[in-house]
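Shown below: structure.cif, with mmCIF, C-alpha atoms.
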```
data_protein
loop_
_atom_site.label_atom_id
_atom_site.label_comp_id
_atom_site.auth_asym_id
_atom_site.auth_seq_id
_atom_site.Cartn_x
_atom_site.Cartn_y
_atom_site.Cartn_z
CA MET A 1084 6.08 -9.01 -19.72
CA ALA A 1085 8.54 -6.26 -18.97
CA GLU A 1086 11.83 -7.32 -17.42
CA SER A 1087 12.32 -6.24 -13.82
CA THR A 1088 15.66 -4.46 -13.37
CA GLY A 1089 15.52 -3.77 -9.66
CA ARG A 1090 13.31 -4.21 -6.63
CA PHE A 1091 13.86 -3.18 -3.05
CA VAL A 1092 11.34 -4.27 -0.44
CA SER A 1093 10.93 -3.24 3.17
CA GLY A 1094 10.54 -5.83 5.87
CA GLY A 1095 6.80 -6.43 5.72
CA LEU A 1096 5.41 -7.68 9.01
CA ARG A 1097 2.61 -9.77 10.43
CA ASP A 1098 1.77 -9.81 14.11
CA SER A 1099 -0.81 -8.63 16.61
CA GLY A 1100 -0.52 -5.24 18.25
CA ALA A 1101 0.63 -3.44 15.09
CA SER A 1102 1.74 0.14 15.68
CA ILE A 1103 2.57 3.32 13.79
CA LEU A 1104 4.66 6.26 14.93
CA SER A 1105 2.28 9.05 15.96
CA THR A 1106 4.11 11.59 13.79
CA ALA A 1107 1.95 10.19 10.96
CA ALA A 1108 -0.97 12.03 12.59
CA THR A 1109 0.82 15.39 12.86
CA GLY A 1110 -1.71 18.18 12.35
CA LEU A 1111 -4.66 15.78 12.22
CA ILE A 1112 -6.60 17.54 15.00
CA GLU A 1113 -6.31 20.86 13.19
CA TYR A 1114 -7.24 19.29 9.85
CA ILE A 1115 -10.38 17.68 11.31
CA ALA A 1116 -11.44 21.06 12.67
CA LEU A 1117 -10.68 22.70 9.32
CA ARG A 1118 -12.99 20.22 7.58
CA GLY A 1119 -15.77 20.93 10.08
CA GLY A 1120 -15.42 17.75 12.14
CA ASP A 1121 -15.78 17.23 15.89
CA VAL A 1122 -12.41 15.93 17.10
CA ASP A 1123 -13.65 14.67 20.47
CA ARG A 1124 -16.58 12.80 18.91
CA ILE A 1125 -14.48 11.24 16.16
CA VAL A 1126 -11.62 10.08 18.36
CA GLY A 1127 -13.86 9.06 21.24
CA ALA A 1128 -16.12 6.98 19.00
CA VAL A 1129 -13.24 4.61 18.19
CA GLY A 1130 -11.92 4.47 21.76
CA GLY A 1131 -9.00 6.81 21.19
CA SER A 1132 -7.62 9.74 23.15
CA VAL A 1133 -7.18 13.27 21.83
CA GLU A 1134 -4.30 13.75 24.27
CA ALA A 1135 -2.50 10.69 22.90
CA LEU A 1136 -3.06 11.95 19.35
CA GLN A 1137 -1.23 15.15 20.25
CA GLN A 1138 1.93 13.32 21.34
CA THR A 1139 4.24 13.56 18.33
CA ASP A 1140 6.98 11.45 19.97
CA GLY A 1141 4.85 8.38 20.69
CA ARG A 1142 3.26 5.48 18.87
CA MET A 1143 -0.31 4.38 18.34
CA ASP A 1144 -2.23 1.30 17.32
CA LEU A 1145 -2.29 1.01 13.52
CA GLY A 1146 -5.89 -0.20 13.48
CA LEU A 1147 -6.96 2.72 15.64
CA PHE A 1148 -5.08 5.12 13.34
CA CYS A 1149 -7.05 3.79 10.34
CA GLU A 1150 -10.36 3.88 12.24
CA ILE A 1151 -9.90 7.54 13.16
CA PHE A 1152 -9.50 8.51 9.50
CA GLU A 1153 -12.46 6.42 8.39
CA ARG A 1154 -14.60 7.98 11.12
CA ALA A 1155 -13.35 11.48 10.24
CA ALA A 1156 -14.34 10.97 6.59
CA ARG A 1157 -17.85 10.01 7.67
CA ASP A 1158 -18.17 12.75 10.31
CA THR A 1159 -17.04 15.51 7.94
CA ARG A 1160 -18.92 13.96 4.99
CA ASP A 1161 -15.72 14.29 3.00
CA ILE A 1162 -15.03 11.09 1.06
CA HIS A 1163 -11.60 12.49 0.13
CA PHE A 1164 -10.65 13.37 3.73
CA GLY A 1165 -7.58 11.13 3.81
CA LEU A 1166 -6.34 12.24 0.41
CA GLY A 1167 -6.73 15.91 1.35
CA TYR A 1168 -4.87 15.35 4.61
CA GLY A 1169 -2.03 13.58 2.82
CA GLN A 1170 -1.71 16.22 0.13
CA GLN A 1171 -1.24 19.01 2.67
CA PHE A 1172 1.19 16.97 4.78
CA HIS A 1173 4.81 18.21 4.76
CA PRO A 1174 7.36 15.37 4.52
CA ALA A 1175 9.29 16.70 7.54
CA ASP A 1176 6.16 16.25 9.67
CA LEU A 1177 6.47 12.49 9.14
CA GLY A 1178 9.27 12.51 11.68
CA MET A 1179 12.43 10.45 11.31
CA LEU A 1180 11.26 8.60 8.18
CA GLY A 1181 10.42 11.88 6.46
CA TYR A 1182 13.73 13.49 7.40
CA ILE A 1183 15.61 10.38 6.23
CA ALA A 1184 14.03 10.80 2.79
CA LEU A 1185 14.73 14.55 2.74
CA ALA A 1186 18.40 14.02 3.66
CA SER A 1187 19.08 11.33 1.01
CA GLN A 1188 21.29 11.99 -2.01
CA THR A 1189 18.78 11.02 -4.73
CA LEU A 1190 15.12 10.07 -4.94
CA GLY A 1191 16.14 6.46 -5.55
CA ALA A 1192 18.32 6.49 -2.43
CA ALA A 1193 15.47 8.07 -0.44
CA LEU A 1194 13.13 5.25 -1.48
CA GLU A 1195 15.71 2.57 -0.69
CA ASN A 1196 16.16 4.05 2.79
CA MET A 1197 12.40 4.18 3.29
CA CYS A 1198 12.02 0.57 2.14
CA GLU A 1199 14.72 -0.58 4.53
CA LEU A 1200 13.36 1.30 7.55
CA PHE A 1201 9.61 1.44 6.91
CA HIS A 1202 8.95 -1.33 9.43
CA ARG A 1203 10.44 0.97 12.11
CA HIS A 1204 7.78 3.55 11.22
CA GLN A 1205 4.76 1.30 10.65
CA HIS A 1206 4.10 -2.36 11.41
CA ASN A 1207 2.29 -5.01 9.35
CA SER A 1208 2.78 -3.05 6.14
CA ILE A 1209 4.78 -3.24 2.94
CA PHE A 1210 6.55 -0.40 1.16
CA SER A 1211 8.46 -1.39 -1.96
CA VAL A 1212 9.81 -0.05 -5.24
CA ALA A 1213 9.92 -1.97 -8.50
CA ARG A 1214 11.62 -0.84 -11.68
CA SER A 1215 10.59 -2.28 -15.01
CA GLY A 1216 12.24 -0.68 -18.02
CA ASP A 1217 11.35 3.01 -18.27
CA VAL A 1218 8.78 2.84 -15.46
CA ALA A 1219 9.08 2.57 -11.67
CA LEU A 1220 6.25 1.61 -9.32
CA VAL A 1221 6.11 2.46 -5.63
CA HIS A 1222 3.86 0.01 -3.78
CA TYR A 1223 2.25 0.45 -0.37
CA ARG A 1224 -0.26 -1.68 1.48
CA ILE A 1225 -1.25 -2.72 4.99
CA CYS A 1226 -0.96 -6.50 5.32
CA ASP A 1227 -2.86 -6.88 8.59
CA LYS A 1228 -6.10 -8.71 7.73
CA HIS A 1229 -7.64 -7.51 10.99
CA ILE A 1230 -7.68 -3.97 9.59
CA ALA A 1231 -10.59 -4.15 7.18
CA GLU A 1232 -11.30 -0.44 6.61
CA ARG A 1233 -8.19 1.24 5.29
CA GLN A 1234 -9.25 3.28 2.27
CA GLN A 1235 -8.51 6.63 3.92
CA ASP A 1236 -5.10 5.39 5.04
CA ALA A 1237 -4.27 4.32 1.48
CA GLU A 1238 -5.24 7.69 0.05
CA LEU A 1239 -3.49 9.77 2.70
CA SER A 1240 -0.32 7.67 2.30
CA ILE A 1241 -0.25 8.17 -1.47
CA GLY A 1242 -0.69 11.91 -0.90
CA MET A 1243 2.20 11.97 1.58
CA PHE A 1244 4.52 9.99 -0.70
CA VAL A 1245 3.80 12.26 -3.66
CA ASN A 1246 4.90 15.23 -1.54
CA ILE A 1247 8.19 13.47 -0.74
CA PHE A 1248 8.77 12.93 -4.47
CA ARG A 1249 8.09 16.60 -5.15
CA HIS A 1250 10.96 17.58 -2.85
CA PHE A 1251 13.23 16.02 -5.50
CA LEU A 1252 11.21 16.54 -8.68
CA GLY A 1253 9.61 19.96 -8.13
CA THR A 1254 6.29 21.14 -6.77
CA GLN A 1255 4.55 20.77 -10.15
CA TRP A 1256 5.54 17.14 -10.65
CA MET A 1257 2.69 14.67 -11.25
CA PRO A 1258 2.77 10.84 -11.21
CA LEU A 1259 2.29 8.97 -14.47
CA ALA A 1260 -0.54 7.06 -12.77
CA VAL A 1261 -1.84 6.12 -9.33
CA GLY A 1262 -3.49 2.87 -8.26
CA PHE A 1263 -5.62 2.02 -5.23
CA GLU A 1264 -6.61 -1.36 -3.78
CA HIS A 1265 -10.14 -0.14 -3.09
CA ALA A 1266 -13.02 0.85 -5.34
CA PRO A 1267 -13.71 4.59 -5.77
CA SER A 1268 -15.92 6.26 -3.16
CA GLY A 1269 -17.08 8.92 -5.60
CA ALA A 1270 -16.68 9.70 -9.28
CA PRO A 1271 -13.40 8.25 -10.61
CA ARG A 1272 -12.78 11.42 -12.60
CA GLU A 1273 -12.72 13.40 -9.36
CA TYR A 1274 -9.77 11.32 -8.24
CA ASP A 1275 -8.06 12.06 -11.55
CA ARG A 1276 -8.58 15.77 -10.93
CA LEU A 1277 -7.39 15.70 -7.32
CA LEU A 1278 -4.25 13.72 -8.11
CA GLY A 1279 -3.59 15.28 -11.49
CA THR A 1280 -3.19 11.95 -13.22
CA ARG A 1281 -4.96 8.76 -14.26
CA VAL A 1282 -6.19 6.78 -11.25
CA ARG A 1283 -6.98 3.06 -11.34
CA PHE A 1284 -8.91 1.13 -8.70
CA ASN A 1285 -9.15 -2.47 -7.44
CA GLN A 1286 -5.41 -2.89 -7.86
CA PRO A 1287 -3.27 -5.50 -6.04
CA SER A 1288 -1.68 -2.72 -3.98
CA ASN A 1289 -1.67 1.07 -3.70
CA THR A 1290 0.82 2.39 -6.23
CA ILE A 1291 2.48 5.48 -7.66
CA MET A 1292 3.92 5.20 -11.16
CA LEU A 1293 6.84 7.39 -12.19
CA ARG A 1294 9.64 7.31 -14.74
CA SER A 1295 12.66 5.20 -13.81
CA ARG A 1296 14.94 8.10 -14.65
CA ASP A 1297 13.24 10.14 -11.92
CA LEU A 1298 14.93 7.92 -9.32
CA ALA A 1299 18.28 9.43 -10.30
CA GLN A 1300 17.07 12.97 -9.54
CA THR A 1301 19.44 14.55 -7.02
CA ASN A 1302 18.34 16.18 -3.80
CA PRO A 1303 18.66 20.00 -3.73
CA THR A 1304 19.56 19.79 -0.02
CA PRO A 1305 21.26 16.44 0.78
CA ASP A 1306 22.78 15.98 4.24
CA PRO A 1307 24.88 12.78 4.54
CA ARG A 1308 25.81 13.36 8.20
CA LEU A 1309 22.21 13.97 9.24
CA LEU A 1310 21.16 10.92 7.23
CA ALA A 1311 23.63 8.67 9.07
CA LEU A 1312 22.44 10.00 12.45
CA LEU A 1313 18.78 9.58 11.52
CA ARG A 1314 19.24 6.02 10.28
CA HIS A 1315 20.95 5.15 13.57
CA ASN A 1316 18.23 6.84 15.63
CA MET A 1317 15.44 5.21 13.62
CA THR A 1318 16.85 1.80 14.51
CA LEU A 1319 17.15 2.72 18.19
CA LEU A 1320 14.06 4.89 18.69
CA GLY A 1321 11.63 3.68 16.03
CA LEU A 1322 9.13 0.86 16.46
CA ALA A 1323 10.47 -2.38 17.87
CA GLU A 1324 11.09 -5.25 15.49
CA GLN A 1325 8.15 -7.54 14.96
CA ARG A 1326 8.27 -10.91 13.31
CA ARG A 1327 9.75 -10.54 9.86
CA GLU A 1328 7.74 -11.50 6.81
CA SER A 1329 7.92 -15.17 5.97
CA LEU A 1330 9.19 -16.12 2.53
CA THR A 1331 5.65 -17.24 1.65
CA GLU A 1332 4.36 -13.74 2.41
CA ARG A 1333 7.16 -12.10 0.43
CA VAL A 1334 6.41 -14.31 -2.56
CA ALA A 1335 2.68 -13.55 -2.30
CA HIS A 1336 3.42 -9.81 -2.32
CA ALA A 1337 5.69 -10.16 -5.37
CA VAL A 1338 3.01 -12.22 -7.14
CA ARG A 1339 0.37 -9.53 -6.44
CA ILE A 1340 2.56 -6.92 -8.12
CA ARG A 1341 3.29 -9.08 -11.15
CA LEU A 1342 -0.21 -10.44 -11.86
CA THR A 1343 -1.45 -7.56 -14.00
CA GLU A 1344 1.43 -8.29 -16.40
CA GLY A 1345 0.32 -11.90 -16.82
CA GLU A 1346 1.00 -15.08 -14.86
CA PRO A 1347 4.41 -14.69 -13.18
CA THR A 1348 6.79 -17.64 -13.35
CA LEU A 1349 8.90 -19.01 -10.54
CA GLU A 1350 11.91 -17.49 -12.29
CA ASP A 1351 10.22 -14.05 -12.41
CA ILE A 1352 9.54 -14.03 -8.67
CA ALA A 1353 12.96 -15.46 -7.79
CA SER A 1354 14.55 -12.63 -9.79
CA ASP A 1355 12.41 -10.05 -7.98
CA LEU A 1356 13.50 -11.48 -4.62
CA ARG A 1357 17.13 -11.71 -5.76
CA MET A 1358 17.62 -15.43 -5.35
CA ALA A 1359 17.97 -18.47 -7.58
CA ALA A 1360 14.75 -20.22 -8.57
CA TRP A 1361 15.84 -23.53 -7.03
CA THR A 1362 16.71 -21.73 -3.77
CA LEU A 1363 13.29 -20.10 -3.67
CA GLN A 1364 11.51 -23.40 -4.25
CA ARG A 1365 13.65 -25.17 -1.62
CA ARG A 1366 13.05 -22.47 0.99
CA LEU A 1367 9.31 -22.45 0.29
CA ARG A 1368 9.23 -26.20 0.91
CA THR A 1369 10.66 -25.60 4.40
CA GLU A 1370 7.52 -23.47 5.05
CA GLY A 1371 5.27 -26.23 3.72
CA GLN A 1372 4.56 -24.43 0.44
CA THR A 1373 5.35 -24.64 -3.25
CA TYR A 1374 5.42 -21.73 -5.66
CA GLN A 1375 2.21 -22.96 -7.31
CA ASP A 1376 0.52 -23.07 -3.89
CA VAL A 1377 1.36 -19.43 -3.24
CA LEU A 1378 0.36 -18.35 -6.75
CA SER A 1379 -2.99 -20.14 -6.50
CA ASN A 1380 -3.75 -18.90 -2.97
CA THR A 1381 -2.92 -15.30 -3.90
CA ARG A 1382 -5.14 -15.44 -6.96
CA ARG A 1383 -8.00 -16.93 -4.95
CA GLU A 1384 -7.74 -14.23 -2.27
CA LEU A 1385 -7.74 -11.46 -4.87
CA ALA A 1386 -10.56 -13.07 -6.87
CA LEU A 1387 -12.89 -13.11 -3.86
CA LYS A 1388 -12.03 -9.46 -3.16
CA TYR A 1389 -12.53 -8.34 -6.77
CA LEU A 1390 -15.85 -10.18 -7.15
CA GLY A 1391 -17.27 -7.91 -4.46
CA ASP A 1392 -16.95 -4.97 -6.87
CA LEU A 1393 -19.99 -5.48 -9.07
CA SER A 1394 -18.75 -2.87 -11.56
CA LEU A 1395 -15.82 -5.11 -12.56
CA PRO A 1396 -16.62 -7.28 -15.60
CA LEU A 1397 -15.45 -10.87 -15.18
CA SER A 1398 -13.24 -10.57 -18.26
CA GLU A 1399 -11.37 -7.63 -16.72
CA LEU A 1400 -11.16 -9.42 -13.39
CA ALA A 1401 -9.57 -12.43 -15.07
CA PHE A 1402 -7.00 -10.16 -16.72
CA MET A 1403 -6.16 -8.54 -13.36
CA LEU A 1404 -5.43 -12.01 -11.98
CA GLY A 1405 -2.99 -12.80 -14.77
CA TYR A 1406 -5.23 -15.07 -16.86
CA SER A 1407 -5.14 -14.69 -20.63
CA GLU A 1408 -8.73 -15.96 -21.00
CA LEU A 1409 -11.88 -15.80 -18.91
CA SER A 1410 -12.36 -19.55 -19.36
CA ALA A 1411 -9.02 -20.27 -17.64
CA PHE A 1412 -10.04 -18.15 -14.66
CA SER A 1413 -13.47 -19.79 -14.52
CA ARG A 1414 -11.91 -23.26 -14.39
CA ALA A 1415 -9.51 -22.22 -11.63
CA PHE A 1416 -12.30 -20.58 -9.62
CA HIS A 1417 -14.44 -23.70 -9.86
CA ARG A 1418 -11.54 -25.75 -8.44
CA TRP A 1419 -11.26 -23.33 -5.50
CA MET A 1420 -14.90 -22.72 -4.66
CA LEU A 1421 -16.88 -25.45 -6.50
CA SER A 1422 -18.84 -22.65 -8.18
CA SER A 1423 -18.53 -20.44 -11.23
CA PRO A 1424 -17.43 -16.81 -10.67
CA SER A 1425 -20.78 -15.50 -11.94
CA GLU A 1426 -22.76 -17.79 -9.64
CA TRP A 1427 -20.57 -16.85 -6.67
CA ARG A 1428 -21.07 -13.16 -7.36
CA ARG A 1429 -24.81 -13.60 -7.81
CA THR A 1430 -25.32 -15.52 -4.55
CA ARG A 1431 -22.72 -13.85 -2.33
CA CYS A 1432 -22.23 -10.31 -3.62
CA ASP A 1433 -25.38 -9.07 -5.37
CA PRO A 1434 -27.65 -6.92 -3.16
CA GLN A 1435 -30.51 -9.02 -1.86
CA PRO A 1436 -34.05 -7.77 -2.53
CA SER A 1437 -35.77 -6.37 0.51
CA GLN A 1438 -38.39 -8.53 2.16
CA SER A 1439 -41.89 -7.11 2.27
#
```

Written form, structure tokens:
Amino acid sequence: MAESTGRFVSGGLRDSGASILSTAATGLIEYIALRGGDVDRIVGAVGGSVEALQQTDGRMDLGLFCEIFERAARDTRDIHFGLGYGQQFHPADLGMLGYIALASQTLGAALENMCELFHRHQHNSIFSVARSGDVALVHYRICDKHIAERQQDAELSIGMFVNIFRHFLGTQWMPLAVGFEHAPSGAPREYDRLLGTRVRFNQPSNTIMLRSRDLAQTNPTPDPRLLALLRHNMTLLGLAEQRRESLTERVAHAVRIRLTEGEPTLEDIASDLRMAAWTLQRRLRTEGQTYQDVLSNTRRELALKYLGDLSLPLSELAFMLGYSELSAFSRAFHRWMLSSPSEWRRTRCDPQPSQS
């Protein structure tokens, strides 16, 4: 397992009434029209307002934001609608968060600022950066379990973030790899072509992989005074604070990221969260949890999600959950669900034959 040398995590959030600053939808009406969609039908079908969508200084419900993009993809019959929108999105159009990134001294500083202030731009979401040796991973995911359909949001967000990176690294820069939580809507190779890199699916979070040395790349147009003003304004004018992530939720997020490297230890996660292992265990106990509880619950949640993708072999699924052998995963799954993974998939996930 590679040693983690640095990790900065935004304040992930969990609460009802999650919002996002409406600057994230800048140019959406025009893009829907460009792709041949009916703006009024799309927005109206999910109970939204075109007028509200045009207000670039407001905020909107995060679930509604995701629904609009899912509906737009269906209405335009463009499975890559979100990705296309994100790839044409200029970082400055993201509003204060975009300008904060563009005014930062280096790419690493831009990402640290985004991590720190992301919860002022979007609720119930996590934005984090992990460095492991020569590689850095930028992670993004919506944590709100009430928002079930969020594929388009994931793809548009990755497209937006790549454009921020290109401000520092050049317009021809490509990620080393990209990962998505969801399964592919179309041919996986089409994603490779659109993103110019290898794309993996059914990952613990949506990720962009780049070289660690890229984080030191300086900004061609830094503006320290503007950055200070924007950080102040983001705190005052951005989204209101919601309940901060509990330690249990932070540990679960760190476990998700680590699982594909093998089973993470308490010491691994404590290092990622920048605290002593005994402190982490003590603080988890105050929330009624142990580290093993969180590890097991996170694996179970991911296992049930992954089993729904019938293209994933059980051996690969076990590896994605940090198990060295399929038999170890099978034993754990039986403890959770009193069923084998194959039986669960057969009875709960396989398409049922139509009744005559």

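Of the residues under consideration (A:Leu1404, A:Leu1200, A:Ala1359, A:Ala1192), A:Leu1404 shows the shortest atom-to-atom contact distance to Arg1383 in chain A when counting only C-alpha atoms.
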
Return as a count of residues only the set of residues that the PyMOL selection byres ((chain A and resi 1130) around 12) yields on the displayed structure. 19

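Between CA of Arg1429 in chain A and CA of Phe1402 in chain A the interatomic distance comes to 20.2 Å.
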
Kindly resolve the PyMOL selection byres ((chain A and resi 1342-1351) around 8) on the present coordinates and return the residues as a ChimeraX atom specification. /A:1084-1085,1338-1341,1352-1355,1359-1360,1374,1402-1407

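If all atoms listed in the file are the atoms counted, then among A:Tyr1274, A:Trp1419, A:Phe1172, A:Phe1412 the closest residue to Leu1239 in chain A is A:Phe1172.
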
Neighbours of point (-9.5, 0.5, -3.0) within 6 Å, using all atoms listed in the file, written as a ChimeraX atom specification: /A:1234,1263-1266,1284-1285

For the structure provided, state which residues fall under the PyMOL selection byres ((chain A and resi 1177) around 9), and present them as a PDB file with C-alpha atoms, keeping the file's coordinate frame.
```pdb
ATOM      1  CA  LEU A1104       4.660   6.260  14.930  1.00  0.00           C
ATOM      2  CA  SER A1105       2.280   9.050  15.960  1.00  0.00           C
ATOM      3  CA  THR A1106       4.110  11.590  13.790  1.00  0.00           C
ATOM      4  CA  ALA A1107       1.950  10.190  10.960  1.00  0.00           C
ATOM      5  CA  ALA A1108      -0.970  12.030  12.590  1.00  0.00           C
ATOM      6  CA  THR A1109       0.820  15.390  12.860  1.00  0.00           C
ATOM      7  CA  PHE A1172       1.190  16.970   4.780  1.00  0.00           C
ATOM      8  CA  HIS A1173       4.810  18.210   4.760  1.00  0.00           C
ATOM      9  CA  PRO A1174       7.360  15.370   4.520  1.00  0.00           C
ATOM     10  CA  ALA A1175       9.290  16.700   7.540  1.00  0.00           C
ATOM     11  CA  ASP A1176       6.160  16.250   9.670  1.00  0.00           C
ATOM     12  CA  GLY A1178       9.270  12.510  11.680  1.00  0.00           C
ATOM     13  CA  MET A1179      12.430  10.450  11.310  1.00  0.00           C
ATOM     14  CA  LEU A1180      11.260   8.600   8.180  1.00  0.00           C
ATOM     15  CA  GLY A1181      10.420  11.880   6.460  1.00  0.00           C
ATOM     16  CA  TYR A1182      13.730  13.490   7.400  1.00  0.00           C
ATOM     17  CA  MET A1243       2.200  11.970   1.580  1.00  0.00           C
TER      18      MET A1243
END
```

Which protein, DNA or RNA residues have an atom at most 8 Å from (-0.8, -7.1, -4.0), counting all atoms listed in the file? List them as an NGL selection string. :A and (1224 or 1286-1288 or 1335-1340)

Generate a file of the selected residues that holds C-alpha atoms, formatted as a short mmCIF file (atom, residue, chain, number, x, y, z; two decimals), in the frame of the given file.
```cif
data_model
loop_
_atom_site.label_atom_id
_atom_site.label_comp_id
_atom_site.auth_asym_id
_atom_site.auth_seq_id
_atom_site.Cartn_x
_atom_site.Cartn_y
_atom_site.Cartn_z
CA ARG A 1224 -0.26 -1.68 1.48
CA GLN A 1286 -5.41 -2.89 -7.86
CA PRO A 1287 -3.27 -5.50 -6.04
CA SER A 1288 -1.68 -2.72 -3.98
CA ALA A 1335 2.68 -13.55 -2.30
CA HIS A 1336 3.42 -9.81 -2.32
CA ALA A 1337 5.69 -10.16 -5.37
CA VAL A 1338 3.01 -12.22 -7.14
CA ARG A 1339 0.37 -9.53 -6.44
CA ILE A 1340 2.56 -6.92 -8.12
#
```

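Atom pair CA of Leu1322 in chain A / CA of His1204 in chain A: separated by 6.0 Å.
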
Expressed in Å to a single decimal, how great is the separation between CA of Ala1323 in chain A and CA of Ile1225 in chain A? 17.4 Å

Can I get range 1413-1424 of chain A with N, CA and C atoms filled in, as a short mmCIF file (atom, residue, chain, number, x, y, z; two decimals), keeping the file's coordinate frame?
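Saved as result.cif:
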```
data_model
loop_
_atom_site.label_atom_id
_atom_site.label_comp_id
_atom_site.auth_asym_id
_atom_site.auth_seq_id
_atom_site.Cartn_x
_atom_site.Cartn_y
_atom_site.Cartn_z
N SER A 1413 -12.25 -19.10 -14.95
CA SER A 1413 -13.47 -19.79 -14.52
C SER A 1413 -13.17 -21.21 -14.06
N ARG A 1414 -12.28 -21.90 -14.78
CA ARG A 1414 -11.91 -23.26 -14.39
C ARG A 1414 -11.17 -23.25 -13.05
N ALA A 1415 -10.25 -22.30 -12.89
CA ALA A 1415 -9.51 -22.22 -11.63
C ALA A 1415 -10.44 -21.89 -10.48
N PHE A 1416 -11.38 -20.97 -10.69
CA PHE A 1416 -12.30 -20.58 -9.62
C PHE A 1416 -13.19 -21.75 -9.21
N HIS A 1417 -13.59 -22.55 -10.18
CA HIS A 1417 -14.44 -23.70 -9.86
C HIS A 1417 -13.67 -24.70 -9.01
N ARG A 1418 -12.35 -24.85 -9.27
CA ARG A 1418 -11.54 -25.75 -8.44
C ARG A 1418 -11.47 -25.23 -7.00
N TRP A 1419 -11.39 -23.91 -6.84
CA TRP A 1419 -11.26 -23.33 -5.50
C TRP A 1419 -12.57 -23.39 -4.73
N MET A 1420 -13.66 -22.99 -5.38
CA MET A 1420 -14.90 -22.72 -4.66
C MET A 1420 -16.06 -23.64 -5.06
N LEU A 1421 -15.81 -24.56 -6.01
CA LEU A 1421 -16.88 -25.45 -6.50
C LEU A 1421 -18.08 -24.66 -7.00
N SER A 1422 -17.79 -23.53 -7.64
CA SER A 1422 -18.84 -22.65 -8.18
C SER A 1422 -18.22 -21.82 -9.29
N SER A 1423 -19.03 -21.36 -10.21
CA SER A 1423 -18.53 -20.44 -11.23
C SER A 1423 -18.41 -19.04 -10.64
N PRO A 1424 -17.55 -18.18 -11.18
CA PRO A 1424 -17.43 -16.81 -10.67
C PRO A 1424 -18.76 -16.05 -10.73
#
```
